[in-house]
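Worksheet: one structure, shown below.
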Amino acid sequence: MAKLLLIGDDDTVLGFRFAGIRGRVAKDRAAASALFRSAVADTDVQIVVITERISQLIRSEVDAFTQKHDLPFVVEIPDSTGPLPTRKSASDIVREAIGISI
């Protein structure tokens with residue numbers, strides 16, 4: 001089974017923890033950067049899930065990593081407050097892809 005690590009805000013990390021997924025809280029840019037670098041360097045971590053708002057704090061770092069590396073796989077998700085206004089929701093993506101509203 002793939003090892004997954006979440007980087008996010010307090011509420012999102014807590015919610016994932018209830019599902020048995022380990023996570024780390026990033027309160028600022030410096031913490032987000034350090035946690036991201038640590039996660040992608042950990043050979044046990046195969047999927048890094050990072051909330052969109054935290055990812056925005058270190059956008060250039062996340063983009064640079066994902067353009068050069070396939071693993072660990074980096075996935076951005078909305079946090080507990082919902083998607084960023086500039087990002088499409090999952091239901092919008094599905095509706096555009098297959099024409100069905102969920």
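By convention in this document, the chains of the structure tokens carry letters A, B, ... by their order, each chain's residues are numbered from 1, and ligands are numbered from 1 in the order they are shown.
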
- request: Please give the complete set of residues from chain A that DSSP, run on the backbone, assigns to alpha helix (DSSP H), formatted as a PyMOL selection string.
  value: chain A and resi 10-18+29-41+52-57+59-68+90-98

Go ahead and save the picked residues with N, CA and C atoms, as a short mmCIF file (atom, residue, chain, number, x, y, z; two decimals), in the first residue's frame.
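Ended up saving to out-v7.cif:
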```
data_model
loop_
_atom_site.label_atom_id
_atom_site.label_comp_id
_atom_site.auth_asym_id
_atom_site.auth_seq_id
_atom_site.Cartn_x
_atom_site.Cartn_y
_atom_site.Cartn_z
N ASP A 10 -4.76 22.91 10.30
CA ASP A 10 -5.15 22.11 11.46
C ASP A 10 -6.38 21.24 11.20
N ASP A 11 -7.44 21.85 10.68
CA ASP A 11 -8.70 21.12 10.50
C ASP A 11 -8.58 19.99 9.47
N THR A 12 -7.91 20.26 8.36
CA THR A 12 -7.76 19.24 7.32
C THR A 12 -6.91 18.08 7.82
N VAL A 13 -5.82 18.38 8.50
CA VAL A 13 -4.95 17.34 9.04
C VAL A 13 -5.72 16.50 10.06
N LEU A 14 -6.51 17.14 10.91
CA LEU A 14 -7.29 16.41 11.89
C LEU A 14 -8.30 15.49 11.22
N GLY A 15 -8.99 15.98 10.20
CA GLY A 15 -9.95 15.16 9.48
C GLY A 15 -9.32 13.93 8.85
N PHE A 16 -8.17 14.11 8.24
CA PHE A 16 -7.47 12.98 7.62
C PHE A 16 -6.96 12.02 8.69
N ARG A 17 -6.58 12.56 9.84
CA ARG A 17 -6.08 11.70 10.92
C ARG A 17 -7.17 10.73 11.37
N PHE A 18 -8.43 11.19 11.37
CA PHE A 18 -9.54 10.30 11.72
C PHE A 18 -9.66 9.13 10.74
N ARG A 29 4.78 29.94 5.51
CA ARG A 29 5.55 29.56 4.33
C ARG A 29 6.78 28.73 4.68
N ALA A 30 7.50 29.15 5.70
CA ALA A 30 8.73 28.44 6.09
C ALA A 30 8.42 26.99 6.50
N ALA A 31 7.37 26.82 7.29
CA ALA A 31 6.99 25.47 7.71
C ALA A 31 6.51 24.65 6.52
N ALA A 32 5.74 25.26 5.63
CA ALA A 32 5.25 24.56 4.44
C ALA A 32 6.41 24.08 3.59
N SER A 33 7.39 24.94 3.39
CA SER A 33 8.55 24.59 2.58
C SER A 33 9.34 23.46 3.22
N ALA A 34 9.59 23.55 4.51
CA ALA A 34 10.35 22.51 5.21
C ALA A 34 9.61 21.18 5.19
N LEU A 35 8.31 21.20 5.42
CA LEU A 35 7.53 19.97 5.41
C LEU A 35 7.48 19.35 4.02
N PHE A 36 7.33 20.19 2.99
CA PHE A 36 7.29 19.68 1.62
C PHE A 36 8.63 19.04 1.24
N ARG A 37 9.72 19.73 1.54
CA ARG A 37 11.05 19.18 1.22
C ARG A 37 11.29 17.86 1.95
N SER A 38 10.87 17.80 3.20
CA SER A 38 11.02 16.58 3.98
C SER A 38 10.17 15.44 3.41
N ALA A 39 8.94 15.76 3.02
CA ALA A 39 8.03 14.73 2.49
C ALA A 39 8.55 14.15 1.18
N VAL A 40 9.01 14.99 0.27
CA VAL A 40 9.45 14.48 -1.03
C VAL A 40 10.80 13.77 -0.93
N ALA A 41 11.55 14.03 0.14
CA ALA A 41 12.84 13.36 0.33
C ALA A 41 12.68 12.01 1.03
N GLU A 52 -4.55 23.22 -1.15
CA GLU A 52 -4.30 24.27 -2.15
C GLU A 52 -3.74 25.54 -1.51
N ARG A 53 -4.28 25.93 -0.37
CA ARG A 53 -3.81 27.16 0.27
C ARG A 53 -2.36 27.04 0.74
N ILE A 54 -1.99 25.90 1.26
CA ILE A 54 -0.60 25.69 1.67
C ILE A 54 0.29 25.63 0.44
N SER A 55 -0.18 24.96 -0.59
CA SER A 55 0.59 24.86 -1.82
C SER A 55 0.85 26.24 -2.44
N GLN A 56 -0.12 27.13 -2.32
CA GLN A 56 0.06 28.48 -2.87
C GLN A 56 1.20 29.22 -2.18
N LEU A 57 1.44 28.90 -0.91
CA LEU A 57 2.53 29.55 -0.18
C LEU A 57 3.90 29.19 -0.77
N ARG A 59 4.27 27.81 -4.09
CA ARG A 59 3.90 27.44 -5.46
C ARG A 59 5.11 27.12 -6.33
N SER A 60 6.13 27.96 -6.32
CA SER A 60 7.28 27.72 -7.21
C SER A 60 8.01 26.43 -6.83
N GLU A 61 8.07 26.13 -5.56
CA GLU A 61 8.74 24.91 -5.10
C GLU A 61 7.95 23.66 -5.52
N VAL A 62 6.64 23.71 -5.35
CA VAL A 62 5.78 22.57 -5.74
C VAL A 62 5.85 22.37 -7.25
N ASP A 63 5.71 23.44 -8.01
CA ASP A 63 5.75 23.33 -9.47
C ASP A 63 7.10 22.81 -9.96
N ALA A 64 8.18 23.31 -9.39
CA ALA A 64 9.52 22.86 -9.80
C ALA A 64 9.68 21.37 -9.53
N PHE A 65 9.20 20.90 -8.39
CA PHE A 65 9.33 19.48 -8.07
C PHE A 65 8.49 18.63 -9.01
N THR A 66 7.23 19.00 -9.21
CA THR A 66 6.34 18.16 -10.02
C THR A 66 6.74 18.13 -11.49
N GLN A 67 7.42 19.17 -11.96
CA GLN A 67 7.87 19.17 -13.35
C GLN A 67 9.07 18.26 -13.57
N LYS A 68 9.84 18.01 -12.52
CA LYS A 68 11.06 17.21 -12.66
C LYS A 68 10.95 15.78 -12.15
N ALA A 90 -14.04 19.62 -7.69
CA ALA A 90 -14.05 18.28 -8.28
C ALA A 90 -15.31 18.09 -9.12
N SER A 91 -16.43 18.58 -8.65
CA SER A 91 -17.67 18.41 -9.41
C SER A 91 -17.62 19.19 -10.73
N ASP A 92 -16.99 20.36 -10.74
CA ASP A 92 -16.83 21.12 -11.99
C ASP A 92 -15.97 20.36 -12.99
N ILE A 93 -14.90 19.75 -12.51
CA ILE A 93 -14.00 18.99 -13.38
C ILE A 93 -14.74 17.81 -14.00
N VAL A 94 -15.51 17.08 -13.17
CA VAL A 94 -16.26 15.93 -13.67
C VAL A 94 -17.30 16.39 -14.68
N ARG A 95 -18.01 17.47 -14.36
CA ARG A 95 -19.04 17.98 -15.27
C ARG A 95 -18.45 18.35 -16.62
N GLU A 96 -17.30 19.00 -16.64
CA GLU A 96 -16.64 19.37 -17.88
C GLU A 96 -16.13 18.15 -18.64
N ALA A 97 -15.63 17.15 -17.91
CA ALA A 97 -15.04 15.99 -18.56
C ALA A 97 -16.07 15.05 -19.17
N ILE A 98 -17.17 14.82 -18.43
CA ILE A 98 -18.13 13.84 -18.93
C ILE A 98 -19.54 14.39 -19.10
#
```

message: With DSSP run on the backbone, what are the strand (DSSP E or B) residues within segment 2-36 of chain A? I'd like them as number ranges by chain.
response: A: 4-8, 23-25

field: Counting only C-alpha atoms, the residue of A:Asp9, A:Ala19, A:Ile58, A:Val49 that sits nearest Ser80 of chain A
entry: A:Asp9

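Every protein, DNA or RNA residue with an atom at most 12 Å from Asp42 of chain A, where only C-alpha atoms count and chain neighbours fewer than 6 positions away do not, is listed here: Lys3, Leu4, Leu5, Leu35, Phe36, Val48, Leu71 and Pro72 of chain A.
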
Among listed residues A:Gly99, A:Leu6, A:Ile47, A:Ile21, nearest Phe73 of chain A (using only C-alpha atoms):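 Closest to Phe73 of chain A, using only C-alpha atoms: A:Ile47.
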